>>> print(open('work_23.txt').read())   # compact mmCIF, C-alpha atoms
# COMPACT_ATOMS: atom_id res chain seq x y z
CA MET A 277 5.14 31.27 21.92
CA THR A 278 4.41 27.58 21.52
CA HIS A 279 5.10 26.79 17.87
CA GLN A 280 7.97 24.49 16.95
CA THR A 281 11.18 25.81 15.41
CA HIS A 282 12.04 22.67 13.41
CA ALA A 283 10.56 21.00 10.34
CA TYR A 284 9.88 17.58 11.87
CA HIS A 285 6.51 16.15 12.78
CA MET A 286 5.76 15.62 16.48
CA VAL A 287 2.69 13.40 16.32
CA ASN A 288 -0.26 13.71 18.73
CA PRO A 289 -0.56 10.80 21.21
CA SER A 290 -2.53 8.08 19.46
CA PRO A 291 -4.31 4.89 20.54
CA TRP A 292 -3.83 3.08 17.24
CA PRO A 293 -0.46 1.40 17.90
CA LEU A 294 -2.04 -0.22 20.98
CA THR A 295 -5.22 -1.33 19.20
CA GLY A 296 -3.09 -2.55 16.28
CA ALA A 297 -0.88 -4.66 18.52
CA LEU A 298 -3.87 -6.09 20.38
CA SER A 299 -5.63 -6.84 17.10
CA ALA A 300 -2.53 -8.82 16.05
CA LEU A 301 -2.89 -10.84 19.27
CA LEU A 302 -6.55 -11.48 18.51
CA MET A 303 -5.80 -12.51 14.90
CA THR A 304 -3.06 -14.97 15.83
CA SER A 305 -4.85 -16.57 18.76
CA GLY A 306 -8.00 -16.44 16.63
CA LEU A 307 -6.24 -18.56 14.01
CA THR A 308 -5.34 -21.04 16.75
CA MET A 309 -8.94 -21.19 17.99
CA TRP A 310 -10.15 -21.70 14.42
CA PHE A 311 -7.64 -24.42 13.57
CA HIS A 312 -7.88 -26.40 16.79
CA PHE A 313 -11.29 -25.68 18.28
CA ASN A 314 -13.37 -24.82 15.21
CA SER A 315 -14.31 -21.39 16.61
CA GLY A 316 -14.16 -18.31 14.41
CA THR A 317 -15.15 -15.63 16.92
CA LEU A 318 -11.69 -14.48 17.98
CA LEU A 319 -10.41 -14.46 14.42
CA THR A 320 -13.34 -12.36 13.25
CA LEU A 321 -12.84 -9.97 16.15
CA GLY A 322 -9.15 -9.75 15.30
CA LEU A 323 -9.78 -9.00 11.63
CA LEU A 324 -12.42 -6.43 12.55
CA THR A 325 -10.25 -4.58 15.07
CA ASN A 326 -7.32 -4.74 12.64
CA SER A 327 -9.39 -3.12 9.90
CA LEU A 328 -10.70 -0.45 12.29
CA THR A 329 -7.13 0.33 13.38
CA MET A 330 -5.83 0.58 9.82
CA TYR A 331 -8.73 2.80 8.75
CA GLN A 332 -8.35 5.23 11.64
CA TRP A 333 -4.54 5.30 11.65
CA TRP A 334 -4.28 6.12 7.96
CA ARG A 335 -7.24 8.50 8.17
CA ASP A 336 -5.21 10.37 10.79
CA VAL A 337 -2.12 10.42 8.52
CA VAL A 338 -4.23 12.03 5.77
CA ARG A 339 -5.52 14.58 8.29
CA GLU A 340 -2.00 15.36 9.50
CA SER A 341 -0.61 15.78 5.99
CA THR A 342 -3.26 17.08 3.60
CA PHE A 343 -5.23 19.06 6.16
CA GLN A 344 -2.61 20.14 8.71
CA GLY A 345 0.45 20.39 6.45
CA HIS A 346 2.84 18.47 8.69
CA HIS A 347 4.50 16.61 5.81
CA THR A 348 7.40 18.92 5.10
CA ALA A 349 10.20 17.88 2.75
CA VAL A 350 12.26 16.26 5.48
CA VAL A 351 9.22 14.40 6.81
CA GLN A 352 8.48 13.18 3.30
CA THR A 353 12.08 11.98 2.95
CA GLY A 354 11.58 9.89 6.08
CA LEU A 355 8.37 8.44 4.67
CA ARG A 356 10.17 7.55 1.45
CA TYR A 357 12.88 5.71 3.37
CA GLY A 358 10.17 3.96 5.37
CA MET A 359 8.25 2.73 2.33
CA ILE A 360 11.40 1.54 0.61
CA LEU A 361 12.54 -0.35 3.70
CA PHE A 362 9.08 -1.91 4.05
CA ILE A 363 9.09 -3.07 0.42
CA MET A 364 12.58 -4.47 0.91
CA SER A 365 11.33 -6.48 3.88
CA GLU A 366 8.58 -7.87 1.64
CA VAL A 367 11.19 -8.80 -0.95
CA PHE A 368 12.95 -10.89 1.69
CA PHE A 369 9.60 -12.41 2.69
CA PHE A 370 9.09 -13.68 -0.86
CA ALA A 371 12.76 -14.68 -1.15
CA GLY A 372 12.07 -17.33 1.49
CA PHE A 373 9.36 -18.94 -0.60
CA PHE A 374 11.47 -18.81 -3.74
CA TRP A 375 14.28 -20.46 -1.77
CA ALA A 376 11.91 -23.24 -0.74
CA PHE A 377 10.79 -23.73 -4.34
CA TYR A 378 14.30 -23.90 -5.76
CA HIS A 379 15.53 -26.11 -2.91
CA SER A 380 12.92 -28.73 -3.79
CA SER A 381 12.83 -28.34 -7.55
CA LEU A 382 16.56 -28.20 -8.34
CA ALA A 383 17.20 -31.56 -6.66
CA PRO A 384 13.90 -33.49 -6.75
CA THR A 385 13.91 -36.40 -4.29
CA PRO A 386 13.34 -40.05 -5.26
CA ASN A 387 9.83 -40.07 -3.79
CA LEU A 388 8.91 -37.35 -6.32
CA GLY A 389 10.28 -39.56 -9.07
CA GLY A 390 13.60 -37.74 -9.25
CA TYR A 391 12.22 -35.13 -11.63
CA TRP A 392 10.25 -31.86 -11.57
CA PRO A 393 7.29 -31.38 -11.88
CA PRO A 394 6.93 -34.42 -9.61
CA ALA A 395 5.25 -37.65 -10.64
CA GLY A 396 1.48 -37.32 -10.90
CA ILE A 397 1.46 -33.53 -11.09
CA ASN A 398 -0.16 -31.93 -14.13
CA PRO A 399 1.09 -28.32 -14.05
CA LEU A 400 -0.85 -25.42 -15.54
CA ASN A 401 0.11 -24.47 -19.09
CA PRO A 402 2.26 -21.34 -18.75
CA MET A 403 1.18 -20.13 -22.18
CA GLU A 404 -2.50 -19.94 -21.28
CA VAL A 405 -4.02 -17.94 -18.37
CA PRO A 406 -0.65 -17.39 -16.62
CA LEU A 407 0.63 -15.59 -19.72
CA LEU A 408 -2.51 -13.46 -19.83
CA ASN A 409 -1.95 -12.64 -16.16
CA THR A 410 1.57 -11.52 -16.99
CA LEU A 411 0.33 -9.20 -19.73
CA VAL A 412 -2.40 -7.84 -17.44
CA LEU A 413 0.11 -6.87 -14.77
CA LEU A 414 2.59 -5.43 -17.25
CA ALA A 415 -0.20 -3.33 -18.76
CA SER A 416 -1.14 -2.12 -15.28
CA GLY A 417 2.45 -0.99 -14.84
CA VAL A 418 2.08 1.13 -17.95
CA SER A 419 -1.26 2.60 -16.88
CA ILE A 420 0.00 3.52 -13.42
CA THR A 421 2.95 5.33 -15.00
CA TRP A 422 0.49 7.22 -17.19
CA ALA A 423 -1.51 8.06 -14.06
CA HIS A 424 1.60 9.43 -12.37
CA HIS A 425 2.57 11.61 -15.30
CA SER A 426 -0.98 12.92 -15.62
CA LEU A 427 -0.91 13.74 -11.92
CA MET A 428 2.39 15.62 -12.27
CA GLU A 429 1.03 17.56 -15.22
CA GLY A 430 -2.12 18.53 -13.35
CA ASN A 431 -4.38 16.58 -15.70
CA ARG A 432 -7.18 15.53 -13.38
CA LYS A 433 -9.31 13.64 -15.89
CA HIS A 434 -6.44 11.52 -17.19
CA SER A 435 -5.03 10.73 -13.75
CA LEU A 436 -8.43 9.46 -12.61
CA GLN A 437 -8.92 7.44 -15.80
CA ALA A 438 -5.48 5.87 -15.68
CA LEU A 439 -5.85 5.00 -11.98
CA LEU A 440 -9.20 3.38 -12.71
CA ILE A 441 -7.66 1.31 -15.52
CA THR A 442 -4.85 0.19 -13.20
CA ILE A 443 -7.29 -0.86 -10.48
CA SER A 444 -9.49 -2.68 -13.00
CA LEU A 445 -6.50 -4.61 -14.33
CA GLY A 446 -5.59 -5.56 -10.76
CA ILE A 447 -9.11 -6.86 -10.12
CA TYR A 448 -9.06 -8.69 -13.48
CA PHE A 449 -5.80 -10.40 -12.45
CA THR A 450 -7.35 -11.47 -9.14
CA LEU A 451 -10.44 -12.90 -10.86
CA LEU A 452 -8.33 -14.78 -13.43
CA GLN A 453 -6.10 -16.20 -10.73
CA THR A 454 -9.09 -17.26 -8.65
CA SER A 455 -10.52 -19.21 -11.57
CA GLU A 456 -7.08 -20.79 -12.15
CA TYR A 457 -7.06 -21.92 -8.53
CA PHE A 458 -10.36 -23.73 -9.06
CA GLU A 459 -9.30 -25.15 -12.45
CA ALA A 460 -5.95 -26.56 -11.30
CA SER A 461 -5.82 -30.35 -11.15
CA PHE A 462 -3.60 -30.21 -8.05
CA THR A 463 -4.17 -28.78 -4.56
CA ILE A 464 -2.03 -27.34 -1.77
CA SER A 465 -1.85 -30.77 -0.14
CA ASP A 466 -0.36 -32.40 -3.24
CA GLY A 467 3.15 -32.75 -1.93
CA ILE A 468 5.89 -30.18 -2.12
CA TYR A 469 4.74 -29.00 -5.56
CA GLY A 470 1.33 -28.04 -4.24
CA SER A 471 2.80 -26.39 -1.15
CA THR A 472 5.35 -24.25 -2.98
CA PHE A 473 2.92 -23.35 -5.75
CA PHE A 474 -0.03 -22.27 -3.64
CA VAL A 475 1.90 -20.60 -0.81
CA ALA A 476 4.02 -18.50 -3.19
CA THR A 477 1.21 -17.59 -5.60
CA GLY A 478 -1.24 -17.26 -2.73
CA PHE A 479 0.82 -14.67 -0.87
CA HIS A 480 1.38 -12.90 -4.18
CA GLY A 481 -2.37 -12.78 -4.75
CA LEU A 482 -2.86 -11.33 -1.28
CA HIS A 483 -0.36 -8.60 -2.13
CA VAL A 484 -2.23 -7.86 -5.37
CA MET A 485 -5.38 -7.35 -3.30
CA ILE A 486 -3.53 -5.10 -0.85
CA GLY A 487 -2.03 -3.11 -3.73
CA SER A 488 -5.40 -2.75 -5.44
CA THR A 489 -6.90 -1.50 -2.18
CA PHE A 490 -4.09 1.04 -1.77
CA LEU A 491 -4.65 2.24 -5.36
CA THR A 492 -8.39 2.54 -4.71
CA ILE A 493 -7.68 4.76 -1.71
CA CYS A 494 -5.45 6.89 -3.95
CA PHE A 495 -8.27 7.09 -6.51
CA LEU A 496 -10.71 8.33 -3.87
CA ARG A 497 -8.19 10.84 -2.54
CA GLN A 498 -7.52 12.15 -6.04
CA LEU A 499 -11.30 12.50 -6.52
CA LYS A 500 -11.35 14.61 -3.39
CA PHE A 501 -8.49 16.85 -4.58
CA HIS A 502 -6.02 15.70 -1.92
CA PHE A 503 -3.05 15.39 -4.29
CA THR A 504 -1.19 18.27 -5.88
CA SER A 505 1.00 18.06 -8.93
CA LYS A 506 4.09 18.49 -6.76
CA HIS A 507 3.09 16.64 -3.57
CA HIS A 508 1.45 13.23 -3.81
CA PHE A 509 3.63 10.84 -1.87
CA GLY A 510 0.70 8.53 -1.01
CA PHE A 511 0.26 7.89 -4.71
CA GLU A 512 3.98 7.34 -5.24
CA ALA A 513 4.09 4.84 -2.38
CA ALA A 514 1.14 2.95 -3.93
CA ALA A 515 2.89 2.99 -7.31
CA TRP A 516 6.14 1.61 -5.83
CA TYR A 517 4.17 -1.14 -4.09
CA TRP A 518 2.32 -1.95 -7.29
CA HIS A 519 5.55 -2.23 -9.32
CA PHE A 520 6.94 -4.51 -6.59
CA VAL A 521 3.86 -6.76 -6.91
CA ASP A 522 4.36 -6.85 -10.67
CA VAL A 523 8.05 -7.80 -10.37
CA VAL A 524 7.25 -10.60 -7.89
CA TRP A 525 4.75 -11.99 -10.40
CA LEU A 526 7.39 -11.93 -13.15
CA PHE A 527 9.72 -13.98 -10.93
CA LEU A 528 6.85 -16.34 -10.08
CA TYR A 529 5.94 -16.76 -13.72
CA ILE A 530 9.49 -17.44 -14.89
CA SER A 531 10.41 -19.77 -11.98
CA ILE A 532 7.29 -21.66 -10.99
CA TYR A 533 5.02 -21.50 -14.01
CA TRP A 534 7.55 -21.65 -16.84
CA TRP A 535 10.80 -23.25 -15.69
CA GLY A 536 8.94 -25.42 -13.20
CA SER A 537 6.54 -26.95 -15.72
CA MET B 287 25.36 33.81 -4.97
CA TYR B 288 24.01 30.87 -6.91
CA TYR B 289 22.12 27.97 -5.38
CA LYS B 290 21.54 24.37 -6.42
CA PHE B 291 18.91 22.00 -5.02
CA SER B 292 20.29 18.80 -3.54
CA GLY B 293 17.74 16.08 -4.28
CA PHE B 294 19.28 13.93 -1.56
CA THR B 295 19.10 16.28 1.40
CA GLN B 296 16.11 18.14 -0.07
CA LYS B 297 17.85 21.44 0.76
CA LEU B 298 19.37 24.31 -1.12
CA ALA B 299 23.15 24.39 -1.16
CA GLY B 300 25.29 27.32 -2.24
CA THR B 301 27.33 26.84 -5.36
CA TRP B 302 29.42 28.80 -7.83
CA ALA B 303 28.22 30.47 -10.97
CA SER B 304 30.09 27.80 -12.92
CA ASP B 305 27.34 25.32 -12.00
CA ALA B 306 24.82 27.55 -13.70
CA TYR B 307 27.01 27.90 -16.77
CA ILE B 308 25.77 26.73 -20.11
CA PRO B 309 27.53 27.47 -23.43
CA GLN B 310 24.82 29.93 -24.37
CA GLY B 311 25.65 31.95 -21.27
CA LEU B 312 24.74 31.94 -17.60
CA LYS B 313 21.29 30.63 -16.80
CA PRO B 314 19.01 33.45 -15.71
CA VAL B 315 18.74 33.80 -11.93
CA VAL B 316 15.48 32.17 -10.87
CA SER B 317 13.09 34.41 -9.04
CA THR B 318 13.23 33.94 -5.28
CA GLU B 319 9.54 34.63 -4.96
CA ALA B 320 7.72 31.55 -3.68
CA PRO B 321 5.52 30.13 -6.45
CA PRO B 322 1.79 30.40 -5.78
CA ILE B 323 0.51 27.39 -3.87
CA ILE B 324 -0.83 24.73 -6.18
CA PHE B 325 -4.43 25.15 -5.15
CA ALA B 326 -4.32 28.88 -5.81
CA THR B 327 -4.27 28.29 -9.57
CA PRO B 328 -6.90 26.00 -11.05
CA THR B 329 -5.74 22.81 -12.76
CA LYS B 330 -5.81 22.67 -16.55
CA LEU B 331 -9.37 22.31 -17.73
CA ALA B 332 -9.99 20.51 -20.98
CA SER B 333 -12.93 22.12 -22.77
CA ASP B 334 -15.22 19.13 -22.21
CA SER B 335 -14.37 18.53 -18.56
CA THR B 336 -16.63 21.37 -17.41
CA ALA B 337 -19.54 19.10 -18.28
CA TYR B 338 -18.46 16.65 -15.57
CA ASP B 339 -18.82 17.05 -11.86
CA TYR B 340 -15.95 15.11 -10.34
CA ALA B 341 -17.57 14.12 -7.05
CA GLY B 342 -18.31 17.70 -6.02
CA LYS B 343 -16.24 20.75 -5.23
CA ASN B 344 -12.80 20.86 -3.74
CA LYS B 345 -13.39 20.81 0.00
CA VAL B 346 -9.72 20.64 0.98
CA PRO B 347 -9.22 24.35 1.86
CA GLU B 348 -12.14 24.31 4.30
CA LEU B 349 -11.00 21.00 5.76
CA GLN B 350 -7.54 22.52 6.17
CA LYS B 351 -9.01 25.40 8.15
CA PHE B 352 -11.13 23.02 10.21
CA PHE B 353 -8.29 20.67 11.17
CA GLN B 354 -5.90 23.49 11.93
CA LYS B 355 -8.17 24.90 14.65
CA SER B 356 -6.13 25.37 17.80
CA ASP B 357 -8.40 23.54 20.24
CA GLY B 358 -5.92 21.06 21.73
CA VAL B 359 -7.97 18.07 20.58
CA PRO B 360 -5.74 15.22 19.29
CA ILE B 361 -5.98 14.40 15.61
CA HIS B 362 -7.87 11.13 16.09
CA LEU B 363 -10.77 12.92 17.82
CA LYS B 364 -10.70 16.22 16.02
CA ARG B 365 -13.90 15.69 14.10
CA GLY B 366 -15.88 15.35 17.30
CA LEU B 367 -18.70 12.87 17.77
CA PRO B 368 -18.13 10.46 14.84
CA ASP B 369 -14.45 10.16 15.84
CA GLN B 370 -15.39 9.51 19.48
CA MET B 371 -17.90 6.80 18.52
CA LEU B 372 -15.46 4.98 16.27
CA TYR B 373 -12.65 5.25 18.85
CA ARG B 374 -14.83 3.90 21.62
CA THR B 375 -16.12 1.05 19.47
CA THR B 376 -12.59 0.10 18.42
CA MET B 377 -11.26 0.25 21.97
CA ALA B 378 -14.20 -1.73 23.38
CA LEU B 379 -13.87 -4.47 20.76
CA THR B 380 -10.10 -4.61 21.17
CA VAL B 381 -9.96 -4.66 24.98
CA GLY B 382 -13.00 -6.91 25.23
CA GLY B 383 -11.50 -9.21 22.64
CA THR B 384 -8.21 -9.33 24.55
CA ILE B 385 -9.98 -10.38 27.75
CA TYR B 386 -11.93 -13.04 25.80
CA CYS B 387 -8.66 -14.17 24.23
CA LEU B 388 -6.93 -14.56 27.61
CA ILE B 389 -9.86 -16.56 28.96
CA ALA B 390 -9.93 -18.76 25.85
CA LEU B 391 -6.18 -19.36 26.05
CA TYR B 392 -6.46 -20.19 29.76
CA MET B 393 -9.21 -22.69 29.05
CA ALA B 394 -7.33 -24.17 26.12
CA SER B 395 -4.29 -24.74 28.31
CA GLN B 396 -6.27 -26.88 30.76
CA PRO B 397 -5.64 -30.60 30.24
CA LYS B 398 -8.63 -32.52 28.88
CA ASN B 399 -9.90 -34.75 31.65
CA LYS B 400 -10.64 -38.22 30.36
>>> encode(input="work_23.txt", output="structure tokens")
Amino acid sequence: MTHQTHAYHMVNPSPWPLTGALSALLMTSGLTMWFHFNSGTLLTLGLLTNSLTMYQWWRDVVRESTFQGHHTAVVQTGLRYGMILFIMSEVFFFAGFFWAFYHSSLAPTPNLGGYWPPAGINPLNPMEVPLLNTLVLLASGVSITWAHHSLMEGNRKHSLQALLITISLGIYFTLLQTSEYFEASFTISDGIYGSTFFVATGFHGLHVMIGSTFLTICFLRQLKFHFTSKHHFGFEAAAWYWHFVDVVWLFLYISIYWWGS
Amino acid sequence: MYYKFSGFTQKLAGTWASDAYIPQGLKPVVSTEAPPIIFATPTKLASDSTAYDYAGKNKVPELQKFFQKSDGVPIHLKRGLPDQMLYRTTMALTVGGTIYCLIALYMASQPKNK
């Protein structure tokens, strides 16, 4: 008799934590090689092995849950805690950049002219594309909620439609923001304004891309009938992450775009 | 005996009939039969959705049978050859890359001779 008598998940031995850690080494030293020696090989290798690790690790999680049924209620509770703690760590990550922004903008130094935005900086008009971006993300919050309710009600067509709308809005945001980056009259090297603006909005944009990717995976899984109306934690995790991305944007918009202009 | 579901511990906990009390009378005892698994009953079909083919049939039940085969193969290799190929490629690139990285770092740490 070899089956377990508890509801927890004892995972098979896996090589992905090792390849993931090594890929992190390759990415970081790859960045060094790129910055200092103009060589992109290591960085490319690092990004490639990182992507391969992520693909196979999460493929295995889908196999363990949807196909093998290991995600019991108590396992799912653990996953919920995990996702919430991860998102909280991301909140603190962004808090650092907001701290930097407020540190510099609340007490602008004499070499900035003693005011904010600093001398010579022409900030973007918050009532133009940034406002559109805000509406786009808010609308995507509505559509993802619609997707969730459709999923819970077993409405396949609507859940797929709503997910597609959410992903499209995410891509639209990314495209709009990219064009804003080209249109801006200032760059990242334009003093502390440029640094705080592009680092904070840049990391946010990266998170929008990550969130859109996560939602796309959910869309494909829903196409393949992986989710049930009662059990779809992957989707819920993506939705939490997406709402987090939306909230960070709202803080960015109010602080940097609006108050900071 | 009445039971309530604790959303926090995700378990059933015994409780008194008073918890099931509503002014119209006691709530009917819920059947203890397990509900049919979700895939056993088809999802709601709108009348026009039968015209669409949403990326093929539902292959999950057969995939469930396939991945639950008791062959002792770990999950990351369970599909056989494609899994093996991808694993070997990933490992080769990662380990090879690490060796290359160590060599590059060693060389970068050598002082530049004027």
>>> closest_residue(input="work_23.txt", among="A:Leu528, A:Ala297, A:Ala460, A:Ala283", to="His480 in chain A", atoms="all atoms listed in the file")
A:Leu528
>>> residues_around(input="work_23.txt", residues="Phe520 in chain A", least_positions_apart="4", cutoff="10 Å", atoms="only C-alpha atoms", output="list of chain:residue names")
A:Ile363, A:Met364, A:Glu366, A:Val367, A:His483, A:Val484, A:Gly487, A:Ala514, A:Ala515, A:Trp516, A:Val524, A:Trp525, A:Leu526
>>> residues_around(input="work_23.txt", residues="Gly396 in chain A", least_positions_apart="6", cutoff="10 Å", atoms="only C-alpha atoms", output="PyMOL selection string")
chain A and resi 388-389+462+466
>>> interface_residues(input="work_23.txt", of="chain B", to="chain A", cutoff="6 Å", atoms="all atoms listed in the file", output="PyMOL selection string")
chain B and resi 329+344+350+354+360+362
>>> closest_residue(input="work_23.txt", among="A:Gln453, A:Gln280, A:Asn387, A:Ser444", to="Leu408 in chain A", atoms="all atoms listed in the file")
A:Gln453
>>> residues_around(input="work_23.txt", residues="Val418 in chain A", least_positions_apart="3", cutoff="12 Å", atoms="all atoms listed in the file", output="compact mmCIF listing (two decimals) with C-alpha atoms, keeping the file's coordinate frame")
# COMPACT_ATOMS: atom_id res chain seq x y z
CA LEU A 411 0.33 -9.20 -19.73
CA VAL A 412 -2.40 -7.84 -17.44
CA LEU A 413 0.11 -6.87 -14.77
CA LEU A 414 2.59 -5.43 -17.25
CA ALA A 415 -0.20 -3.33 -18.76
CA THR A 421 2.95 5.33 -15.00
CA TRP A 422 0.49 7.22 -17.19
CA ALA A 423 -1.51 8.06 -14.06
CA HIS A 424 1.60 9.43 -12.37
CA HIS A 425 2.57 11.61 -15.30
CA ALA A 438 -5.48 5.87 -15.68
CA LEU A 439 -5.85 5.00 -11.98
CA ILE A 441 -7.66 1.31 -15.52
CA THR A 442 -4.85 0.19 -13.20
CA LEU A 445 -6.50 -4.61 -14.33
CA ALA A 515 2.89 2.99 -7.31
CA TRP A 518 2.32 -1.95 -7.29
CA HIS A 519 5.55 -2.23 -9.32
CA ASP A 522 4.36 -6.85 -10.67
>>> atom_distance(input="work_23.txt", atom1="CA of His346 in chain A", atom2="CA of Leu361 in chain A")
21.8 Å
>>> atom_distance(input="work_23.txt", atom1="CA of Trp392 in chain A", atom2="CA of Thr410 in chain A")
22.8 Å
>>> atom_distance(input="work_23.txt", atom1="CA of Thr463 in chain A", atom2="CA of Tyr517 in chain A")
28.9 Å
>>> closest_residue(input="work_23.txt", among="A:Arg497, A:Tyr529, A:Phe509, A:Gly536", to="Gly358 in chain A", atoms="all atoms listed in the file")
A:Phe509
>>> closest_residue(input="work_23.txt", among="A:Val351, A:Ser419, A:Ala513, A:Ser461", to="Asn401 in chain A", atoms="all atoms listed in the file")
A:Ser461
>>> residues_around(input="work_23.txt", residues="Tyr288 in chain B", least_positions_apart="2", cutoff="7 Å", atoms="all atoms listed in the file", output="PyMOL selection string")
chain B and resi 290+300-303
>>> write_last_selection(input="work_23.txt", atoms="C-alpha atoms", output="short mmCIF file (atom, residue, chain, number, x, y, z; two decimals), in the frame of the given file")
data_model
loop_
_atom_site.label_atom_id
_atom_site.label_comp_id
_atom_site.auth_asym_id
_atom_site.auth_seq_id
_atom_site.Cartn_x
_atom_site.Cartn_y
_atom_site.Cartn_z
CA LYS B 290 21.54 24.37 -6.42
CA GLY B 300 25.29 27.32 -2.24
CA THR B 301 27.33 26.84 -5.36
CA TRP B 302 29.42 28.80 -7.83
CA ALA B 303 28.22 30.47 -10.97
#
